[in-house]
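Asker: My structure is in work-v4.txt, and what it holds is compact mmCIF, C-alpha atoms:
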```
# COMPACT_ATOMS: atom_id res chain seq x y z
CA MET A 114 -39.25 44.23 -78.96
CA GLY A 115 -41.67 41.52 -77.82
CA ASN A 116 -42.56 40.19 -74.42
CA ILE A 117 -39.99 38.10 -72.57
CA THR A 118 -40.98 34.49 -71.87
CA SER A 119 -39.14 31.98 -69.68
CA TRP A 120 -38.81 28.34 -70.78
CA PRO A 121 -37.67 25.29 -68.77
CA SER A 122 -34.61 23.36 -69.94
CA PRO A 123 -34.58 20.24 -67.77
CA ALA A 124 -31.67 18.02 -66.79
CA LYS A 125 -31.56 14.28 -67.46
CA ILE A 126 -29.67 11.20 -66.41
CA ASN A 127 -28.99 7.93 -68.11
CA LEU A 128 -30.45 5.43 -65.65
CA PHE A 129 -28.13 2.90 -67.28
CA LEU A 130 -25.95 2.83 -70.40
CA HIS A 131 -25.26 -0.42 -72.25
CA ILE A 132 -22.97 -0.38 -75.28
CA ASN A 133 -23.99 -3.22 -77.58
CA GLY A 134 -21.46 -2.79 -80.36
CA ARG A 135 -19.61 -0.41 -82.66
CA ARG A 136 -20.92 0.32 -86.15
CA GLN A 137 -18.82 0.68 -89.27
CA ASP A 138 -19.41 4.44 -89.24
CA GLY A 139 -17.74 4.65 -85.82
CA TYR A 140 -20.91 5.28 -83.85
CA HIS A 141 -21.94 2.92 -81.05
CA GLU A 142 -25.13 0.92 -80.72
CA LEU A 143 -26.47 1.45 -77.23
CA GLN A 144 -29.41 1.04 -74.91
CA SER A 145 -30.37 3.41 -72.15
CA ILE A 146 -33.26 4.98 -70.27
CA PHE A 147 -33.34 8.76 -70.29
CA VAL A 148 -34.86 9.99 -67.04
CA LEU A 149 -36.00 13.63 -67.22
CA PHE A 150 -36.12 15.91 -64.18
CA ASP A 151 -38.30 18.71 -62.91
CA LYS A 152 -35.25 20.99 -62.57
CA GLY A 153 -32.52 22.33 -64.81
CA ASP A 154 -31.69 25.51 -66.69
CA THR A 155 -34.11 28.13 -67.99
CA LEU A 156 -34.01 30.14 -71.22
CA ASP A 157 -35.39 33.68 -71.18
CA ILE A 158 -36.39 34.64 -74.73
CA THR A 159 -37.23 38.15 -75.90
CA PRO A 160 -38.23 38.62 -79.57
CA ARG A 161 -36.39 41.38 -81.47
CA ASP A 162 -37.56 43.69 -84.23
CA ASP A 163 -34.59 42.71 -86.41
CA ASN A 164 -33.18 39.32 -87.44
CA ALA A 165 -30.33 39.25 -84.92
CA ILE A 166 -29.81 36.46 -82.39
CA THR A 167 -27.96 37.25 -79.17
CA ILE A 168 -26.96 34.62 -76.62
CA THR A 169 -26.00 35.53 -73.06
CA PRO A 170 -23.88 34.79 -71.14
CA ASP A 171 -21.07 33.79 -73.52
CA LEU A 172 -20.10 30.72 -71.39
CA GLY A 173 -16.50 31.17 -72.47
CA PHE A 174 -16.87 30.67 -76.23
CA PRO A 175 -18.25 32.66 -79.21
CA ALA A 176 -22.04 32.79 -79.67
CA GLU A 177 -21.73 31.10 -83.06
CA SER A 178 -20.30 28.03 -81.32
CA ASN A 179 -23.17 27.86 -78.82
CA ILE A 180 -25.57 24.98 -79.50
CA VAL A 181 -28.51 27.33 -78.83
CA PHE A 182 -27.30 29.65 -81.58
CA LYS A 183 -26.93 26.63 -83.88
CA ALA A 184 -30.53 25.66 -83.04
CA THR A 185 -31.81 29.08 -84.13
CA ARG A 186 -29.80 28.88 -87.33
CA ILE A 187 -31.12 25.43 -88.22
CA LEU A 188 -34.69 26.68 -87.70
CA LYS A 189 -34.10 29.63 -89.99
CA GLU A 190 -32.49 27.48 -92.68
CA TYR A 191 -35.24 24.83 -92.57
CA THR A 192 -38.21 27.21 -92.56
CA GLY A 193 -36.77 30.01 -94.67
CA ARG A 194 -38.10 32.42 -92.06
CA GLU A 195 -36.25 35.33 -90.52
CA PHE A 196 -36.68 36.18 -86.84
CA GLY A 197 -34.63 37.68 -84.05
CA ALA A 198 -34.38 37.09 -80.34
CA ASP A 199 -32.32 37.82 -77.27
CA ILE A 200 -31.79 34.52 -75.45
CA HIS A 201 -30.44 34.44 -71.92
CA ILE A 202 -29.42 31.06 -70.49
CA ASN A 203 -29.78 30.75 -66.74
CA LYS A 204 -27.25 27.96 -66.22
CA ASN A 205 -27.73 25.48 -63.38
CA ILE A 206 -26.84 22.17 -65.09
CA PRO A 207 -23.08 21.47 -64.85
CA MET A 208 -21.40 21.55 -68.25
CA GLY A 209 -19.74 18.34 -69.39
CA GLY A 210 -21.32 16.25 -66.64
CA GLY A 211 -23.53 13.89 -68.63
CA LEU A 212 -26.72 15.68 -67.56
CA GLY A 213 -27.62 16.88 -71.05
CA GLY A 214 -27.36 20.61 -70.38
CA GLY A 215 -26.37 21.75 -73.86
CA SER A 216 -28.71 19.33 -75.59
CA SER A 217 -31.57 20.40 -73.35
CA ASN A 218 -30.85 24.09 -74.06
CA ALA A 219 -30.93 23.41 -77.80
CA ALA A 220 -34.21 21.50 -77.53
CA THR A 221 -35.80 24.29 -75.51
CA ALA A 222 -34.72 26.82 -78.11
CA LEU A 223 -36.21 24.71 -80.93
CA VAL A 224 -39.52 24.17 -79.15
CA ALA A 225 -39.91 27.72 -77.82
CA LEU A 226 -38.90 29.59 -80.98
CA ASN A 227 -41.17 27.37 -83.07
CA LEU A 228 -44.11 28.46 -80.90
CA ILE A 229 -43.16 32.11 -80.37
CA PHE A 230 -42.67 32.78 -84.08
CA LYS A 231 -45.43 30.43 -85.23
CA LEU A 232 -43.12 28.41 -87.48
CA GLY A 233 -45.62 25.53 -87.60
CA LEU A 234 -43.20 22.62 -87.19
CA ASP A 235 -44.50 19.44 -85.54
CA GLU A 236 -42.71 17.42 -82.86
CA ASP A 237 -41.29 14.86 -85.31
CA THR A 238 -39.74 17.59 -87.45
CA LEU A 239 -38.26 19.37 -84.45
CA ALA A 240 -36.82 16.08 -83.17
CA THR A 241 -35.26 15.39 -86.59
CA LEU A 242 -33.71 18.86 -86.66
CA GLY A 243 -32.53 18.36 -83.11
CA ARG A 244 -30.78 15.11 -84.02
CA LYS A 245 -28.50 17.14 -86.30
CA LEU A 246 -27.38 19.13 -83.26
CA GLY A 247 -26.73 16.17 -80.96
CA ALA A 248 -27.83 12.63 -80.14
CA ASP A 249 -29.57 13.68 -76.90
CA VAL A 250 -31.55 16.61 -78.29
CA PRO A 251 -34.60 14.60 -79.54
CA VAL A 252 -35.50 13.20 -76.11
CA PHE A 253 -35.71 16.75 -74.74
CA VAL A 254 -37.76 17.90 -77.75
CA ARG A 255 -40.26 15.08 -77.20
CA GLY A 256 -40.33 15.76 -73.47
CA ARG A 257 -40.89 12.25 -72.15
CA SER A 258 -38.63 9.91 -70.22
CA ALA A 259 -37.78 7.17 -72.70
CA PHE A 260 -36.03 3.92 -73.49
CA ALA A 261 -33.35 4.65 -76.09
CA GLU A 262 -31.79 2.37 -78.70
CA GLY A 263 -29.68 2.68 -81.85
CA VAL A 264 -27.26 5.55 -81.32
CA GLY A 265 -29.81 7.06 -78.95
CA GLU A 266 -32.24 8.24 -81.61
CA ILE A 267 -34.81 5.41 -81.33
CA LEU A 268 -37.00 6.50 -78.41
CA THR A 269 -39.86 4.64 -76.76
CA PRO A 270 -41.68 6.50 -73.95
CA VAL A 271 -41.62 4.65 -70.63
CA ASN A 272 -43.39 5.14 -67.33
CA ILE A 273 -40.71 5.54 -64.70
CA GLU A 274 -41.17 5.73 -60.96
CA GLU A 275 -41.10 9.45 -60.13
CA LYS A 276 -38.51 9.15 -57.36
CA TYR A 277 -36.08 11.75 -56.04
CA TYR A 278 -32.46 11.91 -57.08
CA LEU A 279 -29.39 13.53 -55.62
CA ILE A 280 -27.04 14.47 -58.44
CA ALA A 281 -23.43 15.19 -57.47
CA THR A 282 -20.63 16.45 -59.72
CA PRO A 283 -16.96 16.73 -58.72
CA THR A 284 -15.65 20.26 -59.15
CA ASP A 285 -13.00 21.00 -61.77
CA THR A 286 -13.69 17.71 -63.53
CA SER A 287 -14.89 17.33 -67.11
CA VAL A 288 -14.93 14.01 -68.93
CA SER A 289 -14.49 13.92 -72.70
CA THR A 290 -17.25 11.79 -74.25
CA ALA A 291 -15.17 11.30 -77.41
CA GLU A 292 -12.20 10.12 -75.34
CA ILE A 293 -14.25 7.53 -73.48
CA PHE A 294 -16.13 6.21 -76.52
CA ASN A 295 -12.89 5.82 -78.46
CA HIS A 296 -10.94 4.21 -75.63
CA PRO A 297 -9.80 0.63 -76.36
CA GLU A 298 -10.78 -0.51 -72.83
CA LEU A 299 -14.44 0.45 -73.26
CA PRO A 300 -16.80 -2.58 -73.21
CA ARG A 301 -18.67 -2.88 -76.51
CA ASN A 302 -20.41 -6.24 -76.34
CA THR A 303 -23.18 -5.97 -73.74
CA PRO A 304 -26.18 -8.11 -74.83
CA LYS A 305 -29.34 -6.22 -75.69
CA LEU A 306 -32.22 -6.20 -73.22
CA CYS A 307 -35.94 -6.09 -73.89
CA PRO A 308 -37.43 -2.92 -72.37
CA ALA A 309 -39.72 -5.05 -70.19
CA ASP A 310 -36.69 -6.74 -68.61
CA VAL A 311 -34.95 -3.52 -67.59
CA CYS A 312 -34.51 -2.73 -63.91
CA PHE A 313 -31.76 -0.98 -62.00
CA GLU A 314 -30.40 -4.23 -60.58
CA ASN A 315 -29.76 -5.92 -63.94
CA THR A 316 -28.24 -2.91 -65.67
CA ARG A 317 -25.06 -0.86 -65.39
CA ASN A 318 -23.16 1.99 -67.01
CA ASP A 319 -20.58 0.46 -69.33
CA CYS A 320 -18.51 3.66 -69.18
CA GLU A 321 -18.33 3.79 -65.40
CA LYS A 322 -15.40 1.47 -64.72
CA LEU A 323 -13.22 3.21 -67.30
CA VAL A 324 -14.08 6.72 -66.11
CA LYS A 325 -13.46 5.78 -62.46
CA LYS A 326 -10.03 4.44 -63.45
CA TYR A 327 -8.87 7.63 -65.15
CA TYR A 328 -10.88 10.22 -63.20
CA PRO A 329 -10.39 9.57 -59.46
CA LYS A 330 -12.68 12.47 -58.50
CA VAL A 331 -15.57 10.66 -60.22
CA ALA A 332 -14.73 7.49 -58.29
CA LYS A 333 -14.73 9.50 -55.05
CA THR A 334 -18.10 11.08 -55.87
CA LEU A 335 -19.66 7.72 -56.56
CA SER A 336 -18.25 6.23 -53.36
CA TRP A 337 -19.71 9.10 -51.33
CA LEU A 338 -23.17 8.68 -52.87
CA LEU A 339 -23.19 4.93 -52.32
CA GLN A 340 -23.22 5.55 -48.57
CA TYR A 341 -26.78 6.78 -48.91
CA ALA A 342 -28.58 4.97 -51.73
CA PRO A 343 -28.17 2.97 -54.96
CA SER A 344 -25.91 5.09 -57.15
CA ARG A 345 -24.43 5.23 -60.62
CA MET A 346 -22.62 7.53 -63.04
CA THR A 347 -24.70 9.16 -65.77
CA GLY A 348 -23.57 9.09 -69.40
CA THR A 349 -19.81 9.38 -69.62
CA GLY A 350 -19.76 11.45 -66.42
CA ALA A 351 -18.56 13.35 -64.52
CA SER A 352 -21.93 13.61 -62.75
CA CYS A 353 -23.25 10.75 -60.62
CA PHE A 354 -26.63 10.15 -59.03
CA ALA A 355 -28.26 8.42 -56.09
CA CYS A 356 -31.91 7.36 -56.09
CA PHE A 357 -34.18 7.94 -53.07
CA GLU A 358 -37.77 7.03 -52.33
CA ASP A 359 -38.60 10.46 -50.91
CA GLU A 360 -37.36 14.04 -51.09
CA LYS A 361 -36.59 14.32 -47.38
CA ALA A 362 -33.98 11.54 -47.52
CA ALA A 363 -32.38 13.00 -50.65
CA LEU A 364 -32.15 16.47 -49.08
CA ALA A 365 -30.69 15.02 -45.88
CA ALA A 366 -27.87 13.42 -47.86
CA PHE A 367 -27.38 16.60 -49.89
CA GLU A 368 -26.70 18.55 -46.70
CA ASN A 369 -23.56 16.45 -46.25
CA ILE A 370 -22.14 16.98 -49.75
CA PRO A 371 -18.35 17.47 -49.59
CA ASN A 372 -16.77 20.82 -50.47
CA ASP A 373 -15.16 19.41 -53.61
CA MET A 374 -18.55 18.47 -55.10
CA ARG A 375 -21.63 20.39 -56.14
CA GLY A 376 -25.10 19.06 -56.63
CA PHE A 377 -28.85 19.35 -56.45
CA VAL A 378 -31.94 17.30 -55.65
CA ALA A 379 -34.58 16.80 -58.35
CA LYS A 380 -37.66 14.71 -58.98
CA ALA A 381 -37.80 12.31 -61.92
CA VAL A 382 -40.78 13.01 -64.20
CA ASN A 383 -42.45 11.15 -67.02
CA VAL A 384 -43.44 14.40 -68.76
CA SER A 385 -40.88 17.19 -68.78
CA PRO A 386 -41.54 20.77 -67.65
CA LEU A 387 -40.65 21.92 -71.17
CA LYS A 388 -43.43 19.84 -72.71
CA GLU A 389 -45.87 21.11 -70.10
CA ALA A 390 -44.82 24.71 -70.75
CA ALA A 391 -45.13 24.25 -74.52
CA ASP A 392 -48.60 22.71 -74.20
CA SER A 393 -49.69 25.54 -71.90
CA TYR A 394 -48.34 28.17 -74.30
CA SER A 395 -50.15 26.55 -77.23
CA ARG A 396 -53.45 26.43 -75.34
CA SER A 397 -53.13 30.07 -74.28
CA ASN A 398 -52.45 31.26 -77.82
CA GLN A 399 -55.34 29.25 -79.26
CA LYS A 400 -57.69 31.29 -77.07
CA LEU A 401 -56.38 34.60 -78.41
```
Show me this structure written as structure tokens.

Answerer:
Amino acid sequence: MGNITSWPSPAKINLFLHINGRRQDGYHELQSIFVLFDKGDTLDITPRDDNAITITPDLGFPAESNIVFKATRILKEYTGREFGADIHINKNIPMGGGLGGGSSNAATALVALNLIFKLGLDEDTLATLGRKLGADVPVFVRGRSAFAEGVGEILTPVNIEEKYYLIATPTDTSVSTAEIFNHPELPRNTPKLCPADVCFENTRNDCEKLVKKYYPKVAKTLSWLLQYAPSRMTGTGASCFACFEDEKAALAAFENIPNDMRGFVAKAVNVSPLKEAADSYSRSNQKL
């Protein structure tokens, strides 16, 4: 057995989400800004002496269905290498909320296992492998807040204002991304913006109106947040966010969160804690 290491798996929001059209393959052309946070889940990874992969906790479904397990399998298949690890996911990001929890966990597994087992894959390769697991995985692999185009795979790093956000999620509410993106009422003709023209005031979330209509708890969450600061839904929901200039104001609002919501306050970052951890790990091992 090897030494246990702990790896950040940050949350994200979509600062906006414009749907520009639907392609012949069924996927949607979109534009968005992924904002990464300084908080999220963590993955504790302990190398094994055999080739087994264990994932805990089970999160209510078999390990083989877990995106982290799929990430380990894709690494093994691509590199032809065998390795084993016990991976424990300390879950803080709400599942199914549009905060990228599963995608972030997969990215952390790809980045960390590549370093721990010295697989030698570069960032571009890891991002390409991550794309096979989910559209949001590459932005977490690259570890920078970014302007996204295409189906979310064309990423351009951006310098965002590192403000504080209160993220609130209604309890017992999960929104199906597939349901929303296939709904006939979803807008699909928003004109494309140049990255330089993007600001909060001239953007929106094209999924928000539809989700609010069919998920009243999301509408309630957004209404509560709007009392305090500019607010919006992230992704296809159910999580929503409010943006504050300072942490004190965000925490003050968080103290009033209703009993039927859960949430947290986090700082937006241009460089993710995963990227910082990976760079630190690489530097430490170069000295050995």

Asker: Compile the contact shell of Ile117 (chain A) as a list in words: residues with an atom at most 8 Å away, counting all atoms listed in the file, same-chain residues fewer than 5 positions apart removed.

Answerer: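 Answer for this query is Asp157, Ile158, Thr159 and Pro160 of chain A.
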
Asker: Could those residues be written to a file, using C-alpha atoms, as a tab-separated table (two decimals), in the coordinates of the input?

Answerer:
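What follows is the written file selection_32.tsv:
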```tsv
chain	number	residue	atom	x	y	z
A	157	ASP	CA	-35.39	33.68	-71.18
A	158	ILE	CA	-36.39	34.64	-74.73
A	159	THR	CA	-37.23	38.15	-75.90
A	160	PRO	CA	-38.23	38.62	-79.57
```

Asker: For Lys204 (chain A), which of A:Asp154, A:Glu266, A:Glu358, A:Asp235 is the closest residue, counting all atoms listed in the file?

Answerer: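 Of the candidates, the smallest distance to Lys204 (chain A) is held by A:Asp154.
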
Asker: What's around Leu335 (chain A) at 7 Å? Count only C-alpha atoms, leave out sequence neighbours fewer than 3 positions away in its own chain, and write the answer as an NGL selection string.

Answerer: :A and (331-332 or 338-339 or 344-345 or 353)

Asker: Could you list, as a ChimeraX atom specification, every residue within 7 Å of region 300-314 of chain A, counting all atoms listed in the file and ignoring same-chain residues fewer than 4 positions away?

Answerer: /A:131-135,319

Asker: Enter the distance from CA of Asn218 (chain A) to CA of Trp120 (chain A), in Å, rounded to one decimal.

Answerer: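 That distance, rounded to one decimal, is 9.6 Å.
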
Asker: Have a look at CA of Val250 (chain A) and CA of Ala219 (chain A) and let me know their distance in Å, one decimal.

Answerer: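 The value is 6.8 Å.
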
Asker: What lies within 8 Å of Thr347 (chain A) using only C-alpha atoms, ignoring chain neighbours under 3 positions off, as a PyMOL selection string?

Answerer: chain A and resi 126-130+210-212+318+350-354

Asker: Draw an axis-aligned box tight on the listed atoms of region 193-200 of chain A, then pad every side by 3 Å and write out centre and edge lengths in Å to one decimal as JSON.

Answerer:
```
{"center_x": -34.9, "center_y": 33.9, "center_z": -85.1, "size_x": 12.3, "size_y": 13.8, "size_z": 25.2}
```

Asker: Taking 2 positions as the minimum chain separation for residues in the same chain, which residues sit within 8 Å of region 292-299 of chain A when counting only C-alpha atoms? Answer as an MDAnalysis selection string.

Answerer: chainID A and resid 288:290 301 319:320 323:324 349

Asker: May I have the residues at most 9 Å from (-31.9, 36.7, -81.6) in the file's coordinates, counting all atoms listed in the file, as a list in words?

Answerer: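 Applying the cut-off with all atoms listed in the file, one gets Ile158, Thr159, Pro160, Arg161, Asp163, Asn164, Ala165, Ile166, Thr167, Ile168, Phe182, Thr185, Phe196, Gly197, Ala198, Asp199 and Ile200 of chain A.
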
Asker: Can you write out the residues you just picked, keeping C-alpha atoms, as a PDB file, keeping the file's coordinate frame?

Answerer:
```
ATOM      1  CA  ILE A 158     -36.390  34.640 -74.730  1.00  0.00           C
ATOM      2  CA  THR A 159     -37.230  38.150 -75.900  1.00  0.00           C
ATOM      3  CA  PRO A 160     -38.230  38.620 -79.570  1.00  0.00           C
ATOM      4  CA  ARG A 161     -36.390  41.380 -81.470  1.00  0.00           C
ATOM      5  CA  ASP A 163     -34.590  42.710 -86.410  1.00  0.00           C
ATOM      6  CA  ASN A 164     -33.180  39.320 -87.440  1.00  0.00           C
ATOM      7  CA  ALA A 165     -30.330  39.250 -84.920  1.00  0.00           C
ATOM      8  CA  ILE A 166     -29.810  36.460 -82.390  1.00  0.00           C
ATOM      9  CA  THR A 167     -27.960  37.250 -79.170  1.00  0.00           C
ATOM     10  CA  ILE A 168     -26.960  34.620 -76.620  1.00  0.00           C
ATOM     11  CA  PHE A 182     -27.300  29.650 -81.580  1.00  0.00           C
ATOM     12  CA  THR A 185     -31.810  29.080 -84.130  1.00  0.00           C
ATOM     13  CA  PHE A 196     -36.680  36.180 -86.840  1.00  0.00           C
ATOM     14  CA  GLY A 197     -34.630  37.680 -84.050  1.00  0.00           C
ATOM     15  CA  ALA A 198     -34.380  37.090 -80.340  1.00  0.00           C
ATOM     16  CA  ASP A 199     -32.320  37.820 -77.270  1.00  0.00           C
ATOM     17  CA  ILE A 200     -31.790  34.520 -75.450  1.00  0.00           C
TER      18      ILE A 200
END
```

Asker: Which is closer to Ile180 (chain A) than all the others in A:Leu234, A:Ala220, A:Ala248, A:Ala390, using only C-alpha atoms?

Answerer: A:Ala220

Asker: A:Thr316, A:Leu143, A:Pro343, A:Asp162: which is nearest Ala261 (chain A), counting all atoms listed in the file?

Answerer: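 For Ala261 (chain A), the nearest of the given residues is A:Leu143.
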
Asker: Give the answer as one residue: which of A:Val254, A:Leu246, A:Val224, A:Leu172 has the shortest atom-to-atom distance to Ser385 (chain A), using all atoms listed in the file?

Answerer: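 Checking each candidate against Ser385 (chain A), we get A:Val254 as the closest.
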
Asker: Using CA of Lys189 (chain A) and CA of Gly153 (chain A) as the two end points, give the distance in Å to one decimal.

Answerer: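 Interatomic distance here is 26.3 Å.
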
Asker: Using only C-alpha atoms, pick whichever of A:Ser258, A:Asn372, A:Thr238, A:Asn315 has the shortest atom-to-atom distance to Asp285 (chain A).

Answerer: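 Of all the options, A:Asn372 lies closest to Asp285 (chain A).
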
Asker: Counting only C-alpha atoms, select every polymer residue within 6 Å of (-33.5, 29.8, -80.8) as defined in the file's coordinates, and provide the selection as a ChimeraX atom specification.

Answerer: /A:181,184-185,222-223,226

Asker: Would you pull region 365-393 of chain A out of the block just shown and save N, CA and C atoms as a PDB file, in the first residue's frame?

Answerer:
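Generated output (selection03.pdb):
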```pdb
ATOM      1  N   ALA A 365     -23.286  36.699   5.217  1.00  0.00           N
ATOM      2  CA  ALA A 365     -24.452  37.257   5.889  1.00  0.00           C
ATOM      3  C   ALA A 365     -25.748  36.766   5.247  1.00  0.00           C
ATOM      4  N   ALA A 366     -25.778  36.712   3.928  1.00  0.00           N
ATOM      5  CA  ALA A 366     -26.955  36.187   3.233  1.00  0.00           C
ATOM      6  C   ALA A 366     -27.118  34.692   3.498  1.00  0.00           C
ATOM      7  N   PHE A 367     -25.999  33.979   3.513  1.00  0.00           N
ATOM      8  CA  PHE A 367     -26.025  32.524   3.733  1.00  0.00           C
ATOM      9  C   PHE A 367     -26.642  32.168   5.083  1.00  0.00           C
ATOM     10  N   GLU A 368     -26.443  33.020   6.064  1.00  0.00           N
ATOM     11  CA  GLU A 368     -27.012  32.766   7.394  1.00  0.00           C
ATOM     12  C   GLU A 368     -28.539  32.716   7.370  1.00  0.00           C
ATOM     13  N   ASN A 369     -29.135  33.316   6.345  1.00  0.00           N
ATOM     14  CA  ASN A 369     -30.596  33.358   6.246  1.00  0.00           C
ATOM     15  C   ASN A 369     -31.168  32.308   5.294  1.00  0.00           C
ATOM     16  N   ILE A 370     -30.355  31.357   4.867  1.00  0.00           N
ATOM     17  CA  ILE A 370     -30.827  30.386   3.881  1.00  0.00           C
ATOM     18  C   ILE A 370     -32.003  29.589   4.445  1.00  0.00           C
ATOM     19  N   PRO A 371     -33.079  29.446   3.679  1.00  0.00           N
ATOM     20  CA  PRO A 371     -34.262  28.722   4.164  1.00  0.00           C
ATOM     21  C   PRO A 371     -33.960  27.243   4.426  1.00  0.00           C
ATOM     22  N   ASN A 372     -34.819  26.615   5.229  1.00  0.00           N
ATOM     23  CA  ASN A 372     -34.615  25.212   5.604  1.00  0.00           C
ATOM     24  C   ASN A 372     -34.740  24.252   4.434  1.00  0.00           C
ATOM     25  N   ASP A 373     -35.444  24.671   3.372  1.00  0.00           N
ATOM     26  CA  ASP A 373     -35.623  23.767   2.232  1.00  0.00           C
ATOM     27  C   ASP A 373     -34.564  23.990   1.151  1.00  0.00           C
ATOM     28  N   MET A 374     -33.466  24.641   1.523  1.00  0.00           N
ATOM     29  CA  MET A 374     -32.325  24.826   0.625  1.00  0.00           C
ATOM     30  C   MET A 374     -31.049  24.502   1.380  1.00  0.00           C
ATOM     31  N   ARG A 375     -30.031  24.138   0.636  1.00  0.00           N
ATOM     32  CA  ARG A 375     -28.693  23.981   1.209  1.00  0.00           C
ATOM     33  C   ARG A 375     -27.726  24.760   0.341  1.00  0.00           C
ATOM     34  N   GLY A 376     -26.591  25.134   0.909  1.00  0.00           N
ATOM     35  CA  GLY A 376     -25.688  25.943   0.108  1.00  0.00           C
ATOM     36  C   GLY A 376     -24.324  26.107   0.725  1.00  0.00           C
ATOM     37  N   PHE A 377     -23.517  26.924   0.083  1.00  0.00           N
ATOM     38  CA  PHE A 377     -22.182  27.232   0.580  1.00  0.00           C
ATOM     39  C   PHE A 377     -21.706  28.519  -0.082  1.00  0.00           C
ATOM     40  N   VAL A 378     -20.693  29.117   0.520  1.00  0.00           N
ATOM     41  CA  VAL A 378     -20.069  30.322  -0.019  1.00  0.00           C
ATOM     42  C   VAL A 378     -18.678  29.946  -0.512  1.00  0.00           C
ATOM     43  N   ALA A 379     -18.320  30.393  -1.707  1.00  0.00           N
ATOM     44  CA  ALA A 379     -17.020  30.065  -2.285  1.00  0.00           C
ATOM     45  C   ALA A 379     -16.494  31.256  -3.066  1.00  0.00           C
ATOM     46  N   LYS A 380     -15.188  31.280  -3.226  1.00  0.00           N
ATOM     47  CA  LYS A 380     -14.539  32.339  -3.996  1.00  0.00           C
ATOM     48  C   LYS A 380     -14.260  31.862  -5.410  1.00  0.00           C
ATOM     49  N   ALA A 381     -14.582  32.683  -6.401  1.00  0.00           N
ATOM     50  CA  ALA A 381     -14.229  32.373  -7.781  1.00  0.00           C
ATOM     51  C   ALA A 381     -12.717  32.514  -7.964  1.00  0.00           C
ATOM     52  N   VAL A 382     -12.127  31.611  -8.731  1.00  0.00           N
ATOM     53  CA  VAL A 382     -10.676  31.636  -8.939  1.00  0.00           C
ATOM     54  C   VAL A 382     -10.360  31.460 -10.421  1.00  0.00           C
ATOM     55  N   ASN A 383      -9.291  32.103 -10.851  1.00  0.00           N
ATOM     56  CA  ASN A 383      -8.845  31.923 -12.228  1.00  0.00           C
ATOM     57  C   ASN A 383      -8.091  30.617 -12.403  1.00  0.00           C
ATOM     58  N   VAL A 384      -7.346  30.212 -11.381  1.00  0.00           N
ATOM     59  CA  VAL A 384      -6.615  28.944 -11.399  1.00  0.00           C
ATOM     60  C   VAL A 384      -7.178  28.060 -10.303  1.00  0.00           C
ATOM     61  N   SER A 385      -7.553  26.841 -10.662  1.00  0.00           N
ATOM     62  CA  SER A 385      -8.258  25.985  -9.712  1.00  0.00           C
ATOM     63  C   SER A 385      -7.320  25.390  -8.673  1.00  0.00           C
ATOM     64  N   PRO A 386      -7.850  25.004  -7.515  1.00  0.00           N
ATOM     65  CA  PRO A 386      -7.020  24.332  -6.503  1.00  0.00           C
ATOM     66  C   PRO A 386      -6.466  23.000  -6.994  1.00  0.00           C
ATOM     67  N   LEU A 387      -7.149  22.331  -7.928  1.00  0.00           N
ATOM     68  CA  LEU A 387      -6.599  21.093  -8.476  1.00  0.00           C
ATOM     69  C   LEU A 387      -5.320  21.363  -9.264  1.00  0.00           C
ATOM     70  N   LYS A 388      -5.344  22.386 -10.099  1.00  0.00           N
ATOM     71  CA  LYS A 388      -4.145  22.709 -10.881  1.00  0.00           C
ATOM     72  C   LYS A 388      -2.995  23.099  -9.958  1.00  0.00           C
ATOM     73  N   GLU A 389      -3.299  23.867  -8.921  1.00  0.00           N
ATOM     74  CA  GLU A 389      -2.259  24.258  -7.977  1.00  0.00           C
ATOM     75  C   GLU A 389      -1.697  23.040  -7.253  1.00  0.00           C
ATOM     76  N   ALA A 390      -2.571  22.109  -6.871  1.00  0.00           N
ATOM     77  CA  ALA A 390      -2.119  20.899  -6.184  1.00  0.00           C
ATOM     78  C   ALA A 390      -1.263  20.031  -7.110  1.00  0.00           C
ATOM     79  N   ALA A 391      -1.686  19.924  -8.375  1.00  0.00           N
ATOM     80  CA  ALA A 391      -0.932  19.123  -9.337  1.00  0.00           C
ATOM     81  C   ALA A 391       0.444  19.723  -9.597  1.00  0.00           C
ATOM     82  N   ASP A 392       0.508  21.041  -9.740  1.00  0.00           N
ATOM     83  CA  ASP A 392       1.792  21.706  -9.952  1.00  0.00           C
ATOM     84  C   ASP A 392       2.707  21.521  -8.745  1.00  0.00           C
ATOM     85  N   SER A 393       2.139  21.625  -7.548  1.00  0.00           N
ATOM     86  CA  SER A 393       2.919  21.444  -6.325  1.00  0.00           C
ATOM     87  C   SER A 393       3.440  20.011  -6.220  1.00  0.00           C
TER      88      SER A 393
END
```
